[in-house]
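> Got a structure for you, target.cif, holding mmCIF, C-alpha atoms and all ligand atoms.
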```
data_coords
loop_
_atom_site.label_atom_id
_atom_site.label_comp_id
_atom_site.auth_asym_id
_atom_site.auth_seq_id
_atom_site.Cartn_x
_atom_site.Cartn_y
_atom_site.Cartn_z
CA MET A 126 8.11 1.87 -2.76
CA SER A 127 5.08 -0.16 -3.70
CA SER A 128 2.86 2.82 -4.38
CA SER A 129 2.94 5.28 -7.19
CA ALA A 130 2.19 8.97 -7.06
CA THR A 131 -0.21 8.76 -9.98
CA ALA A 132 -3.93 8.17 -9.71
CA PRO A 133 -4.98 4.54 -10.12
CA THR A 134 -7.31 3.39 -12.85
CA ILE A 135 -10.70 1.99 -12.10
CA ASP A 136 -9.35 -1.54 -12.70
CA THR A 137 -6.79 -1.27 -9.93
CA ALA A 138 -9.12 0.48 -7.50
CA LEU A 139 -9.71 -0.74 -3.98
CA ILE A 140 -11.90 2.25 -3.18
CA ASP A 141 -14.05 4.22 -5.57
CA ILE A 142 -15.86 7.25 -4.20
CA VAL A 143 -18.22 8.86 -6.69
CA LYS A 144 -19.76 12.30 -6.11
CA VAL A 145 -20.24 11.79 -2.40
CA THR A 146 -21.90 14.52 -0.42
CA LYS A 147 -22.29 14.43 3.34
CA THR A 148 -24.38 16.95 5.20
CA TYR A 149 -24.95 17.05 8.94
CA PRO A 150 -28.03 18.66 10.45
CA PRO A 151 -29.09 21.39 10.27
CA ASP A 152 -27.18 22.34 7.11
CA ILE A 153 -23.45 21.61 7.52
CA MET A 154 -21.91 20.56 4.21
CA ALA A 155 -18.99 18.39 5.40
CA LEU A 156 -18.29 16.86 1.97
CA ASP A 157 -19.40 18.34 -1.32
CA GLU A 158 -19.51 15.98 -4.33
CA VAL A 159 -16.22 14.30 -3.48
CA SER A 160 -14.86 11.79 -5.98
CA LEU A 161 -11.73 9.74 -5.35
CA THR A 162 -10.27 6.47 -6.55
CA VAL A 163 -7.72 4.75 -4.33
CA GLY A 164 -5.66 1.93 -5.79
CA HIS A 165 -4.88 -1.42 -4.19
CA GLY A 166 -1.66 -0.98 -2.23
CA GLU A 167 -1.65 2.81 -2.39
CA MET A 168 -0.59 5.09 0.42
CA LEU A 169 -2.38 8.39 0.32
CA PHE A 170 -2.37 11.55 2.41
CA LEU A 171 -5.47 13.60 3.07
CA THR A 172 -4.95 17.09 4.38
CA GLY A 173 -7.00 20.23 4.95
CA ALA A 174 -7.84 22.73 7.66
CA SER A 175 -9.67 21.79 10.83
CA GLY A 176 -13.31 21.14 9.95
CA ALA A 177 -12.55 20.54 6.26
CA GLY A 178 -14.11 17.05 6.29
CA LYS A 179 -11.15 14.65 6.69
CA THR A 180 -12.62 12.63 9.56
CA THR A 181 -16.01 12.58 7.85
CA LEU A 182 -14.48 11.03 4.74
CA LEU A 183 -12.72 8.34 6.79
CA LYS A 184 -15.91 7.68 8.78
CA LEU A 185 -17.79 7.04 5.54
CA LEU A 186 -15.16 4.47 4.56
CA CYS A 187 -15.53 2.54 7.82
CA PHE A 188 -19.33 2.77 8.01
CA LEU A 189 -19.53 5.11 11.00
CA GLU A 190 -21.43 7.55 8.80
CA THR A 191 -23.44 7.14 5.61
CA PRO A 192 -23.32 9.46 2.61
CA THR A 193 -26.19 11.86 2.04
CA MET A 194 -25.67 11.38 -1.70
CA GLY A 195 -23.26 9.50 -3.94
CA LEU A 196 -21.69 6.06 -4.15
CA ILE A 197 -18.84 4.36 -2.33
CA GLU A 198 -17.44 1.07 -3.57
CA ILE A 199 -14.82 -0.94 -1.73
CA ASP A 200 -13.44 -3.89 -3.64
CA LYS A 201 -16.12 -3.27 -6.30
CA ARG A 202 -18.93 -3.63 -3.74
CA ASP A 203 -21.39 -0.79 -3.13
CA ILE A 204 -21.02 -0.42 0.63
CA GLY A 205 -24.44 1.21 0.88
CA LYS A 206 -25.96 -2.13 -0.05
CA LEU A 207 -24.04 -4.19 2.51
CA SER A 208 -25.74 -5.24 5.70
CA GLY A 209 -25.55 -7.84 8.44
CA HIS A 210 -22.83 -10.43 8.06
CA LYS A 211 -21.42 -8.98 4.82
CA LEU A 212 -21.00 -5.56 6.39
CA GLN A 213 -19.37 -7.14 9.43
CA GLN A 214 -17.01 -9.08 7.19
CA MET A 215 -16.02 -5.98 5.23
CA ARG A 216 -15.55 -4.06 8.48
CA GLN A 217 -13.07 -6.69 9.68
CA HIS A 218 -10.89 -5.95 6.68
CA ILE A 219 -10.46 -2.32 7.67
CA GLY A 220 -8.13 -1.21 10.47
CA VAL A 221 -9.01 2.19 11.86
CA ALA A 222 -6.85 4.41 14.06
CA TYR A 223 -9.43 6.94 15.24
CA GLN A 224 -8.65 10.60 15.91
CA ASP A 225 -10.18 10.11 19.38
CA PHE A 226 -8.51 6.67 19.85
CA ARG A 227 -11.62 4.81 21.14
CA LEU A 228 -9.69 2.58 23.53
CA LEU A 229 -11.19 0.63 26.41
CA PRO A 230 -9.80 2.66 29.34
CA LYS A 231 -9.87 -0.03 32.04
CA GLN A 232 -8.34 -2.69 29.81
CA THR A 233 -4.59 -2.98 29.47
CA VAL A 234 -2.59 -2.13 26.37
CA TYR A 235 -2.30 -5.85 25.67
CA GLN A 236 -6.05 -6.45 26.04
CA ASN A 237 -6.99 -3.51 23.79
CA ILE A 238 -4.83 -4.75 20.93
CA ALA A 239 -5.49 -8.46 21.45
CA LEU A 240 -9.25 -7.93 21.38
CA ALA A 241 -9.09 -6.92 17.71
CA MET A 242 -7.51 -10.29 16.96
CA GLU A 243 -9.58 -12.38 19.39
CA VAL A 244 -12.81 -11.45 17.61
CA ARG A 245 -11.31 -13.20 14.58
CA TYR A 246 -10.55 -16.31 16.65
CA GLU A 247 -6.80 -16.04 16.06
CA ASN A 248 -4.54 -18.46 17.89
CA PRO A 249 -3.61 -17.08 21.37
CA LYS A 250 0.10 -17.71 20.82
CA PHE A 251 0.00 -15.84 17.54
CA ILE A 252 -1.93 -12.97 19.16
CA LYS A 253 0.69 -12.64 21.90
CA GLN A 254 3.54 -12.68 19.41
CA ARG A 255 1.88 -10.04 17.22
CA VAL A 256 1.06 -7.72 20.14
CA VAL A 257 4.61 -7.96 21.50
CA GLU A 258 6.00 -7.26 18.02
CA LEU A 259 3.77 -4.20 17.50
CA LEU A 260 4.59 -2.78 20.93
CA ALA A 261 8.30 -3.12 20.19
CA ASP A 262 7.79 -1.40 16.81
CA LEU A 263 5.98 1.49 18.48
CA GLY A 264 8.20 1.87 21.57
CA LEU A 265 5.57 0.69 24.06
CA THR A 266 7.00 -2.59 25.31
CA ASP A 267 7.13 -1.46 28.95
CA LYS A 268 3.45 -0.45 28.91
CA ILE A 269 2.06 -3.83 27.92
CA HIS A 270 0.18 -4.41 31.21
CA THR A 271 -0.84 -0.79 31.84
CA PRO A 272 -4.55 0.13 31.61
CA THR A 273 -4.86 2.58 28.73
CA ALA A 274 -6.50 5.23 30.97
CA LYS A 275 -3.11 5.55 32.69
CA LEU A 276 -1.19 6.28 29.49
CA SER A 277 -0.20 9.65 28.06
CA ARG A 278 -2.12 10.84 24.99
CA GLY A 279 0.82 9.97 22.75
CA GLU A 280 0.98 6.47 24.21
CA GLN A 281 -2.77 6.00 23.77
CA GLN A 282 -2.44 7.14 20.19
CA ARG A 283 0.19 4.49 19.48
CA VAL A 284 -1.99 1.79 21.09
CA SER A 285 -4.86 2.74 18.80
CA ILE A 286 -2.48 2.55 15.82
CA ALA A 287 -1.20 -0.86 16.95
CA ARG A 288 -4.78 -2.10 17.23
CA ALA A 289 -5.56 -0.85 13.72
CA CYS A 290 -2.56 -2.73 12.32
CA ALA A 291 -2.88 -5.91 14.42
CA ASN A 292 -4.69 -8.06 11.88
CA ARG A 293 -2.65 -6.79 8.93
CA PRO A 294 -5.89 -5.62 7.30
CA PRO A 295 -5.79 -4.84 3.57
CA LEU A 296 -6.98 -1.28 4.32
CA ILE A 297 -5.84 1.02 7.14
CA LEU A 298 -7.44 4.39 7.85
CA ALA A 299 -5.35 6.58 10.14
CA ASP A 300 -6.90 9.82 11.39
CA GLU A 301 -4.23 12.30 12.54
CA PRO A 302 -1.89 9.47 13.59
CA SER A 303 0.84 11.88 14.72
CA GLY A 304 -1.51 14.35 16.42
CA ASN A 305 -0.04 13.72 19.88
CA LEU A 306 3.39 12.37 18.98
CA ASP A 307 6.89 13.78 19.13
CA PRO A 308 9.13 13.40 16.05
CA ALA A 309 10.72 10.16 17.33
CA ALA A 310 7.37 8.46 17.96
CA THR A 311 6.02 9.83 14.66
CA SER A 312 8.86 8.19 12.84
CA LEU A 313 8.17 4.82 14.53
CA VAL A 314 4.56 5.05 13.38
CA MET A 315 5.47 6.06 9.83
CA ASN A 316 8.07 3.26 9.62
CA LEU A 317 5.35 0.77 10.56
CA PHE A 318 2.96 2.22 7.97
CA HIS A 319 5.66 2.17 5.27
CA ARG A 320 6.50 -1.45 6.03
CA LEU A 321 2.84 -2.48 5.86
CA ASN A 322 2.40 -0.50 2.66
CA GLU A 323 5.39 -2.24 1.13
CA GLU A 324 3.68 -5.54 1.98
CA GLY A 325 0.63 -4.37 0.00
CA THR A 326 -1.59 -2.66 2.57
CA THR A 327 -3.59 0.31 1.32
CA ILE A 328 -3.25 3.19 3.78
CA ILE A 329 -5.09 6.50 3.96
CA ILE A 330 -3.66 9.02 6.39
CA ALA A 331 -5.57 12.16 7.34
CA THR A 332 -3.13 14.70 8.72
CA HIS A 333 -2.23 18.33 9.35
CA ASP A 334 1.38 17.31 9.80
CA GLN A 335 3.35 18.41 6.74
CA THR A 336 6.39 16.43 7.86
CA LEU A 337 4.48 13.23 7.10
CA TYR A 338 3.92 13.99 3.43
CA GLN A 339 6.40 16.72 2.49
CA LYS A 340 9.11 14.34 1.34
CA SER A 341 6.81 11.52 0.38
CA PRO A 342 6.23 10.32 -3.18
CA HIS A 343 2.66 9.35 -2.33
CA ARG A 344 -0.42 11.23 -3.46
CA LEU A 345 -1.57 14.20 -1.43
CA LEU A 346 -5.19 15.34 -1.47
CA ASN A 347 -6.55 18.47 0.10
CA LEU A 348 -10.04 19.07 1.41
CA GLU A 349 -11.27 22.63 1.52
CA ASN A 350 -14.82 23.38 2.57
CA GLY A 351 -15.80 19.82 1.71
CA LYS A 352 -14.29 19.93 -1.80
CA LEU A 353 -11.45 17.54 -2.59
CA GLN A 354 -8.51 18.47 -4.76
CA GLU A 355 -5.30 16.65 -5.58
CA ILE A 356 -2.11 18.57 -4.82
CA ILE A 357 0.52 17.98 -7.44
CA LYS A 358 3.89 17.86 -5.72
CA VAL A 359 6.89 18.62 -7.83
CA ASN A 360 10.48 17.92 -6.84
CA PHE A 361 9.69 15.61 -3.97
CA ASP A 362 12.77 14.56 -2.14
CA LEU A 363 13.36 10.93 -1.23
CA SER A 364 16.31 11.61 1.07
N1 LIG B 401 -21.66 14.48 13.99
C1 LIG B 401 -21.63 15.71 13.50
N2 LIG B 401 -22.72 16.50 13.54
C2 LIG B 401 -22.71 17.74 13.02
N3 LIG B 401 -21.64 18.29 12.39
C3 LIG B 401 -20.53 17.54 12.31
C4 LIG B 401 -20.46 16.21 12.85
N4 LIG B 401 -19.21 15.70 12.60
C5 LIG B 401 -18.55 16.67 11.95
N5 LIG B 401 -19.33 17.77 11.77
C6 LIG B 401 -18.96 19.00 11.06
O1 LIG B 401 -18.55 18.62 9.74
C7 LIG B 401 -17.42 19.38 9.33
C8 LIG B 401 -16.27 18.43 9.00
O2 LIG B 401 -15.84 17.82 10.23
P1 LIG B 401 -14.64 16.77 10.27
O3 LIG B 401 -14.59 16.24 11.65
O4 LIG B 401 -14.82 15.81 9.17
O5 LIG B 401 -13.39 17.71 9.98
P2 LIG B 401 -11.83 17.40 10.02
O6 LIG B 401 -11.26 17.83 8.72
O7 LIG B 401 -11.61 16.00 10.43
O8 LIG B 401 -11.34 18.39 11.17
P3 LIG B 401 -10.12 18.24 12.22
O9 LIG B 401 -8.87 18.55 11.46
O10 LIG B 401 -10.43 19.28 13.26
O11 LIG B 401 -10.14 16.85 12.78
C9 LIG B 401 -17.14 20.36 10.45
O12 LIG B 401 -17.78 21.57 10.14
C10 LIG B 401 -17.77 19.70 11.66
O13 LIG B 401 -18.16 20.67 12.62
MG MG B 402 -10.67 15.13 12.03
#
```
Written as structure tokens, how would this file's structure read?
Ligand SMILES: Nc1ncnc2c1ncn2[C@@H]1O[C@H](COP(=O)(O)OP(=O)(O)OP(=O)(O)O)[C@@H](O)[C@H]1O
Ligand SMILES: [Mg+2]

Amino acid sequence: MSSSATAPTIDTALIDIVKVTKTYPPDIMALDEVSLTVGHGEMLFLTGASGAGKTTLLKLLCFLETPTMGLIEIDKRDIGKLSGHKLQQMRQHIGVAYQDFRLLPKQTVYQNIALAMEVRYENPKFIKQRVVELLADLGLTDKIHTPTAKLSRGEQQRVSIARACANRPPLILADEPSGNLDPAATSLVMNLFHRLNEEGTTIIIATHDQTLYQKSPHRLLNLENGKLQEIIKVNFDLS
């Protein structure tokens, strides 16, 4: 395993969240002075009841929301101060598998995944090879030319995960990646995440699914009413 279960130091941090509060109108406190440091190459699980603030935290990290208070640094850059081209550039280094997928329904599986690579002007041959590889990894080879509107929820979920991983971004945010999957498909997804993490990708997984983190040596954090707390797991089992 490339990641450790101990908190990273500031020197090895990819993400540094300092006392971040997020409120939604009129007075919903989604995150309450959350601080978290995520190391380069870490895999980390974020859990908590429905409405606890997991998606909000991931949305702050991919610029879909802005903090009401506090500081977020990615790669030592204050993301609140990024705009225009620099923000766009940073955004391209983050792969996001959204809880609500955000696929283009009329476009095929191939087109949805390829688009993420085409915007980076990747070579068409390389794009094809990568899409085919990801679909094989995620058990979707026979759906390559199917419009995503015609897929089951579990299939759509895997397409959104493939799209998040397509460019091998240094940071992947996965919001409930097994929410619609059976155990076999969940294990395909987790195998892909583990392989990418072993190659150095930092991955944050928001999940209710205990099977994802129960036997994992990676850090587990729990959100409760917007407050973040690390869960210390003893006797984790690597079998
Ligand atoms: N755009 C919004 N406007 C107002 N309130 C919001 C908005 N987005 C989220 N909230 C509220 O913020 C709180 C945290 O929501 P969030 O979606 O982050 O929770 P979650 O932990 O991801 O939940 P789930 O497990 O159901 O996905 C909830 O009370 C939610 O109703
Ligand atoms: Mg959520």
> Within 8 Å of ligand MG 402 (chain B), counting all atoms listed in the file, which protein or nucleic acid residues do you find, written as number ranges by chain?
A: 175-176, 178-181, 224, 300-301, 331
> Residues at most 12 Å from Glu190 of chain A, counting all atoms listed in the file, excluding those fewer than 4 positions away in the same chain, as a PyMOL selection string?
chain A and resi 146-149+155-156+180-186+194+197+204-205
> Could you tell me which of A:Ala177, A:Ile252, A:Leu139, A:Ile153 comes closest to Gly325 of chain A if we count all atoms listed in the file?
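Looking at the shortest contact to Gly325 of chain A, the residue is A:Leu139.
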> Return the single residue from A:Leu189, A:Ile329, A:Leu313, A:Leu161 that is closest to ligand LIG 401 (chain B), with distances computed using all atoms listed in the file.
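When distances to ligand LIG 401 (chain B) are compared using all atoms listed in the file, the smallest one comes from A:Leu189.
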> Work out how far atom CA of Ala309 of chain A is from atom CA of Arg227 of chain A, in Å to one decimal.
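Calculated distance between atom CA of Arg227 of chain A and atom CA of Ala309 of chain A is 23.3 Å.
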> Which is closer to Leu169 of chain A than all the others in A:Arg344, A:His210, A:Lys358, A:Lys352, using all atoms listed in the file?
A:Arg344
> Would you mind telling me which residue in A:Arg283, A:His333, A:Arg288, A:Lys211 lies nearest to Ser312 of chain A when using all atoms listed in the file?
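Distance minimum relative to Ser312 of chain A lands on A:Arg283.
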> Which residue out of A:Gly166, A:Gly220, A:Gly264, A:Gly351 has the minimum interatomic distance to Thr311 of chain A when all atoms listed in the file are used?
A:Gly264
> Using all atoms listed in the file, pick whichever of A:Ile199, A:Met215, A:Leu321, A:Ala299 has the shortest atom-to-atom distance to ligand LIG 401 (chain B).
A:Ala299
> Find the distance between atom CA of Ile219 of chain A and atom CA of Gly173 of chain A and write it in Å to one decimal.
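Separating atom CA of Ile219 of chain A from atom CA of Gly173 of chain A is a distance of 23.0 Å.
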> Please compute the atom CA of Pro294 of chain A-atom CA of Thr327 of chain A distance, one decimal, in Å.
8.7 Å
